[in-house]
Amino acid sequence: MNLLVCGGAGFIGSNFVRLMLEREPGCRIAILDALTYAGNMTTIADVLADPRCRFTHGQIQDAHTVAELVKAKKITHIVNFAAETHNDRSLLESGSFIQTDVFGVHVLLEATRKFGLERLVHVSTDEVYGSIAEGRFTEQSPLEPNTPYSASKAGGDLQARAHFVSFGTPVIVTRGGNNYGPFQYPEKLIPFFVTRLMDGKKVPLYGDGSQVREWIHVMDHCEGIEKVLRKGEPGQVYNIGDDNERANHEVVRILLEETGRDAALVKSIPDPRRGAHDKRYSMACDRVRALGWMPRRSFHEHLRETVRWYREHEAWWRPIAESEAYESFVKAFYGPSLGEDL
Ligand code: DAU
């Protein structure tokens, strides 16, 4: 398999590259990554030491770069992780989300069709369904995204659907829950809180923290994507979740325990997502389970392991947390509510 992994220098993408190198001895992997604020060469230093893996700096929106790469590396399969992914950032600026998450997907679909690739797996999110008060989303649930980010992901998913219906392009969409694990950029709940708590800083809990997320360890998610890549049916959508629903306040309590910090560091702030803050996500995942996949990692144990990973990899996250781009986002987004506690 000659695999193009788009967004392979990011959180989920880099973990997926590691998995494929281990599981598929004969594979060749081309990583394409734009190295935006969330992509990082230190994240993939280990995989680039493997001669089967090569890196190209570029955007999925750039059709020329994608085409040259597909031809030069004789690509047979694409897995797309490249995306703007942070809801909070999409509330400050959403143009880049449309560019990457909608137009970028269109470019990959066109390349898949034009060069007759065997398969494109497009990695999406449960957020495209919106919020569900009771029960679970199935792959047939309507798409009702509530933030500019989730709407951009829904746009990519619909492009994929239309390409399959119109041209028979062999594309498959996966929709994952909230991921946690090593190498997650410290702006999302878990790594943001862990790195700040380790420094003894206050952390901003949105509202009363009663929102429920379905958490899945990044390696379980990657194993699900691998299963879909090998066995999934073109034109289909596969939900990938762990049936592990937790209210934010519960996750935060575990993080306090694991970092040994006092609850006084948690500051409840007016919800910056306001009406766009989805109350609950929950997915039925029978379809991917029917392919033979099952999540294997228990939440509490692996959340503890994730906290340990951040403690032991300060050299990875400290330069990010002290970068100007990171600090200016944190200041712009949280400054008004955290004030001097920032
Ligand atoms: O559900 C899948 C999605 O999960 C992915 O598509 C997104 O890319 C990923 O960012 C994540 O979206 P969320 O918005 O759920 O993740 P986030 O970590 O930003 O927030 C998780 C919950 O924690 C959410 O209810 C908001 C809350 N939160 C988040 C942050 C960053 C806080 O209370 N305080 C915070 O500082």
# chains A, B, ... in the order shown; residues from 1 in each chain; ligands from 1
>>> closest_atom_pairs(of="chain A", to="ligand 1", cutoff="6 Å", atoms="only C-alpha atoms and all ligand atoms", output="tab-separated table")
residue	atom	partner	partner_atom_place_in_ligand_line	distance
A:Thr85	CA	ligand 1	8 (O)	4.0
A:His86	CA	ligand 1	10 (O)	4.8
A:Asn87	CA	ligand 1	14 (O)	5.2
A:Thr125	CA	ligand 1	6 (O)	4.5
A:Asp126	CA	ligand 1	1 (O)	5.2
A:Glu127	CA	ligand 1	1 (O)	5.2
A:Gly177	CA	ligand 1	1 (O)	4.3
A:Asn178	CA	ligand 1	4 (O)	3.9
A:Glu187	CA	ligand 1	31 (C)	5.7
A:Lys188	CA	ligand 1	18 (O)	3.6
A:Leu189	CA	ligand 1	18 (O)	3.7
A:Pro204	CA	ligand 1	36 (O)	5.0
A:Leu205	CA	ligand 1	33 (O)	3.7
A:Tyr206	CA	ligand 1	33 (O)	3.8
A:Gly209	CA	ligand 1	33 (O)	6.0
A:Gln211	CA	ligand 1	25 (O)	5.2
A:Asn248	CA	ligand 1	23 (O)	5.7
>>> residues_around(residues="range 195-203 of chain A", least_positions_apart="6", cutoff="8 Å", atoms="only C-alpha atoms", output="list of chain:residue names")
A:Pro186, A:Leu256, A:Thr259, A:Arg261, A:Leu265, A:Val266, A:Lys267, A:Tyr310, A:Arg311, A:Asp341, A:Leu342
>>> residues_around(residues="range 114-124 of chain A", least_positions_apart="2", cutoff="10 Å", atoms="only C-alpha atoms", output="PyMOL selection string")
chain A and resi 1+3-6+12-13+67+70-71+74-83+85+101+105+108-112+126-128+150+153-154+156-157+160+169-177+225-226+228-230+232-234+237-240
>>> select_by_dssp(residues="range 65-139 of chain A", states="strand (DSSP E)", output="VMD selection string")
chain A and resid 77 to 80 119 to 125
>>> atom_distance(atom1="CA of Gly235 in chain A", atom2="CA of Gln61 in chain A")
22.1 Å
>>> select_by_dssp(residues="range 267-340 of chain A", states="helix (DSSP H, G or I)", output="PyMOL selection string")
chain A and resi 274-276+286-289+299-312+314-321+324-340
>>> atom_distance(atom1="CA of Ala325 in chain A", atom2="CA of Ser94 in chain A")
16.9 Å
>>> atom_distance(atom1="CA of Lys331 in chain A", atom2="CA of Tyr149 in chain A")
20.6 Å
>>> closest_residue(among="A:Arg213, A:Arg113, A:His277, A:His221", to="Pro148 in chain A", atoms="only C-alpha atoms")
A:His277
>>> residues_around(residues="Gln59 in chain A", least_positions_apart="6", cutoff="10 Å", atoms="only C-alpha atoms", output="PDB file with C-alpha atoms, in the first residue's frame")
ATOM      1  CA  CYS A   6      -2.786  14.269   4.875  1.00  0.00           C
ATOM      2  CA  GLY A   7      -2.360  16.090   8.169  1.00  0.00           C
ATOM      3  CA  LEU A  32       1.487  15.902   3.548  1.00  0.00           C
ATOM      4  CA  ASP A  33       1.078  18.574   6.193  1.00  0.00           C
ATOM      5  CA  ALA A  34       0.654  22.352   6.059  1.00  0.00           C
ATOM      6  CA  LEU A  35       2.367  22.743   9.455  1.00  0.00           C
ATOM      7  CA  THR A  36      -0.165  25.294  10.613  1.00  0.00           C
ATOM      8  CA  THR A  65       1.008  19.735  -4.813  1.00  0.00           C
ATOM      9  CA  VAL A  66      -1.468  16.913  -4.212  1.00  0.00           C
ATOM     10  CA  ALA A  82      -5.838  17.555   7.535  1.00  0.00           C
ATOM     11  CA  ALA A  83      -8.325  20.007   9.012  1.00  0.00           C
ATOM     12  CA  GLN A  99     -10.661  26.507   2.919  1.00  0.00           C
ATOM     13  CA  THR A 100      -9.227  23.372   4.479  1.00  0.00           C
ATOM     14  CA  GLY A 104      -9.326  20.787   0.681  1.00  0.00           C
TER      15      GLY A 104
END
>>> closest_residue(among="A:Arg287, A:Trp316, A:Ser298, A:Pro336", to="Thr138 in chain A", atoms="only C-alpha atoms")
A:Arg287
>>> residues_around(residues="Arg52 in chain A", least_positions_apart="2", cutoff="9 Å", atoms="only C-alpha atoms", output="ChimeraX atom specification")
/A:21,25-30,47-50,54
>>> write_last_selection(atoms="all heavy atoms", output="PDB file, in the first residue's frame")
ATOM      1  N   LEU A  21       2.809   2.041  10.257  1.00  0.00           N
ATOM      2  CA  LEU A  21       4.190   1.554  10.104  1.00  0.00           C
ATOM      3  C   LEU A  21       4.359   0.225  10.837  1.00  0.00           C
ATOM      4  O   LEU A  21       5.074  -0.672  10.388  1.00  0.00           O
ATOM      5  CB  LEU A  21       5.188   2.588  10.636  1.00  0.00           C
ATOM      6  CG  LEU A  21       5.359   3.846   9.768  1.00  0.00           C
ATOM      7  CD1 LEU A  21       6.226   4.880  10.485  1.00  0.00           C
ATOM      8  CD2 LEU A  21       5.952   3.513   8.394  1.00  0.00           C
ATOM      9  N   PRO A  25       4.047  -3.799   7.287  1.00  0.00           N
ATOM     10  CA  PRO A  25       5.487  -3.717   7.040  1.00  0.00           C
ATOM     11  C   PRO A  25       5.846  -3.238   5.634  1.00  0.00           C
ATOM     12  O   PRO A  25       6.818  -2.524   5.441  1.00  0.00           O
ATOM     13  CB  PRO A  25       5.965  -5.163   7.261  1.00  0.00           C
ATOM     14  CG  PRO A  25       4.907  -5.805   8.089  1.00  0.00           C
ATOM     15  CD  PRO A  25       3.617  -5.111   7.779  1.00  0.00           C
ATOM     16  N   GLY A  26       5.007  -3.605   4.645  1.00  0.00           N
ATOM     17  CA  GLY A  26       5.364  -3.262   3.256  1.00  0.00           C
ATOM     18  C   GLY A  26       4.878  -1.893   2.807  1.00  0.00           C
ATOM     19  O   GLY A  26       5.031  -1.540   1.640  1.00  0.00           O
ATOM     20  N   CYS A  27       4.300  -1.109   3.721  1.00  0.00           N
ATOM     21  CA  CYS A  27       3.706   0.149   3.253  1.00  0.00           C
ATOM     22  C   CYS A  27       4.748   1.235   3.022  1.00  0.00           C
ATOM     23  O   CYS A  27       5.851   1.199   3.575  1.00  0.00           O
ATOM     24  CB  CYS A  27       2.655   0.652   4.246  1.00  0.00           C
ATOM     25  SG  CYS A  27       3.364   1.311   5.741  1.00  0.00           S
ATOM     26  N   ARG A  28       4.385   2.181   2.168  1.00  0.00           N
ATOM     27  CA  ARG A  28       5.179   3.414   2.013  1.00  0.00           C
ATOM     28  C   ARG A  28       4.224   4.540   2.362  1.00  0.00           C
ATOM     29  O   ARG A  28       3.083   4.563   1.875  1.00  0.00           O
ATOM     30  CB  ARG A  28       5.664   3.603   0.588  1.00  0.00           C
ATOM     31  CG  ARG A  28       6.379   2.431   0.033  1.00  0.00           C
ATOM     32  CD  ARG A  28       7.724   2.860  -0.600  1.00  0.00           C
ATOM     33  NE  ARG A  28       8.626   1.727  -0.596  1.00  0.00           N
ATOM     34  CZ  ARG A  28       9.712   1.630   0.180  1.00  0.00           C
ATOM     35  NH1 ARG A  28      10.053   2.598   0.986  1.00  0.00           N
ATOM     36  NH2 ARG A  28      10.477   0.569   0.146  1.00  0.00           N
ATOM     37  N   ILE A  29       4.697   5.455   3.185  1.00  0.00           N
ATOM     38  CA  ILE A  29       3.801   6.529   3.627  1.00  0.00           C
ATOM     39  C   ILE A  29       4.363   7.890   3.251  1.00  0.00           C
ATOM     40  O   ILE A  29       5.501   8.230   3.590  1.00  0.00           O
ATOM     41  CB  ILE A  29       3.579   6.469   5.161  1.00  0.00           C
ATOM     42  CG1 ILE A  29       2.954   5.121   5.542  1.00  0.00           C
ATOM     43  CG2 ILE A  29       2.700   7.627   5.616  1.00  0.00           C
ATOM     44  CD1 ILE A  29       2.619   4.973   7.014  1.00  0.00           C
ATOM     45  N   ALA A  30       3.548   8.649   2.513  1.00  0.00           N
ATOM     46  CA  ALA A  30       3.883  10.051   2.240  1.00  0.00           C
ATOM     47  C   ALA A  30       3.016  10.897   3.162  1.00  0.00           C
ATOM     48  O   ALA A  30       1.788  10.777   3.148  1.00  0.00           O
ATOM     49  CB  ALA A  30       3.584  10.381   0.787  1.00  0.00           C
ATOM     50  N   VAL A  47       8.899   8.996  13.353  1.00  0.00           N
ATOM     51  CA  VAL A  47       8.447   8.249  12.168  1.00  0.00           C
ATOM     52  C   VAL A  47       9.282   8.598  10.936  1.00  0.00           C
ATOM     53  O   VAL A  47       9.476   7.770  10.044  1.00  0.00           O
ATOM     54  CB  VAL A  47       6.940   8.423  11.863  1.00  0.00           C
ATOM     55  CG1 VAL A  47       6.095   7.919  12.994  1.00  0.00           C
ATOM     56  CG2 VAL A  47       6.576   9.843  11.530  1.00  0.00           C
ATOM     57  N   LEU A  48       9.826   9.814  10.898  1.00  0.00           N
ATOM     58  CA  LEU A  48      10.628  10.187   9.726  1.00  0.00           C
ATOM     59  C   LEU A  48      12.001   9.504   9.733  1.00  0.00           C
ATOM     60  O   LEU A  48      12.704   9.500   8.721  1.00  0.00           O
ATOM     61  CB  LEU A  48      10.776  11.704   9.627  1.00  0.00           C
ATOM     62  CG  LEU A  48       9.466  12.425   9.262  1.00  0.00           C
ATOM     63  CD1 LEU A  48       9.683  13.930   9.149  1.00  0.00           C
ATOM     64  CD2 LEU A  48       8.866  11.889   7.965  1.00  0.00           C
ATOM     65  N   ALA A  49      12.339   8.908  10.867  1.00  0.00           N
ATOM     66  CA  ALA A  49      13.581   8.125  10.909  1.00  0.00           C
ATOM     67  C   ALA A  49      13.391   6.797  10.169  1.00  0.00           C
ATOM     68  O   ALA A  49      14.350   6.110   9.847  1.00  0.00           O
ATOM     69  CB  ALA A  49      13.982   7.869  12.358  1.00  0.00           C
ATOM     70  N   ASP A  50      12.129   6.451   9.901  1.00  0.00           N
ATOM     71  CA  ASP A  50      11.823   5.205   9.185  1.00  0.00           C
ATOM     72  C   ASP A  50      11.915   5.474   7.673  1.00  0.00           C
ATOM     73  O   ASP A  50      11.223   6.367   7.170  1.00  0.00           O
ATOM     74  CB  ASP A  50      10.401   4.758   9.567  1.00  0.00           C
ATOM     75  CG  ASP A  50      10.081   3.361   9.071  1.00  0.00           C
ATOM     76  OD1 ASP A  50      10.309   3.093   7.869  1.00  0.00           O
ATOM     77  OD2 ASP A  50       9.602   2.550   9.881  1.00  0.00           O
ATOM     78  N   ARG A  54       8.030   9.503   4.271  1.00  0.00           N
ATOM     79  CA  ARG A  54       8.590  10.757   3.760  1.00  0.00           C
ATOM     80  C   ARG A  54       7.622  11.907   3.994  1.00  0.00           C
ATOM     81  O   ARG A  54       6.406  11.723   3.998  1.00  0.00           O
ATOM     82  CB  ARG A  54       8.884  10.644   2.256  1.00  0.00           C
ATOM     83  CG  ARG A  54      10.081   9.765   1.954  1.00  0.00           C
ATOM     84  CD  ARG A  54      11.390  10.496   2.338  1.00  0.00           C
ATOM     85  NE  ARG A  54      12.559   9.625   2.372  1.00  0.00           N
ATOM     86  CZ  ARG A  54      13.075   9.042   3.451  1.00  0.00           C
ATOM     87  NH1 ARG A  54      12.493   9.177   4.623  1.00  0.00           N
ATOM     88  NH2 ARG A  54      14.146   8.301   3.393  1.00  0.00           N
TER      89      ARG A  54
END
>>> closest_residue(among="A:Ala38, A:Ile44, A:Leu255, A:Ile320", to="Leu303 in chain A", atoms="only C-alpha atoms")
A:Leu255
>>> closest_residue(among="A:Arg318, A:His57, A:His106, A:His300", to="Val252 in chain A", atoms="only C-alpha atoms")
A:His300
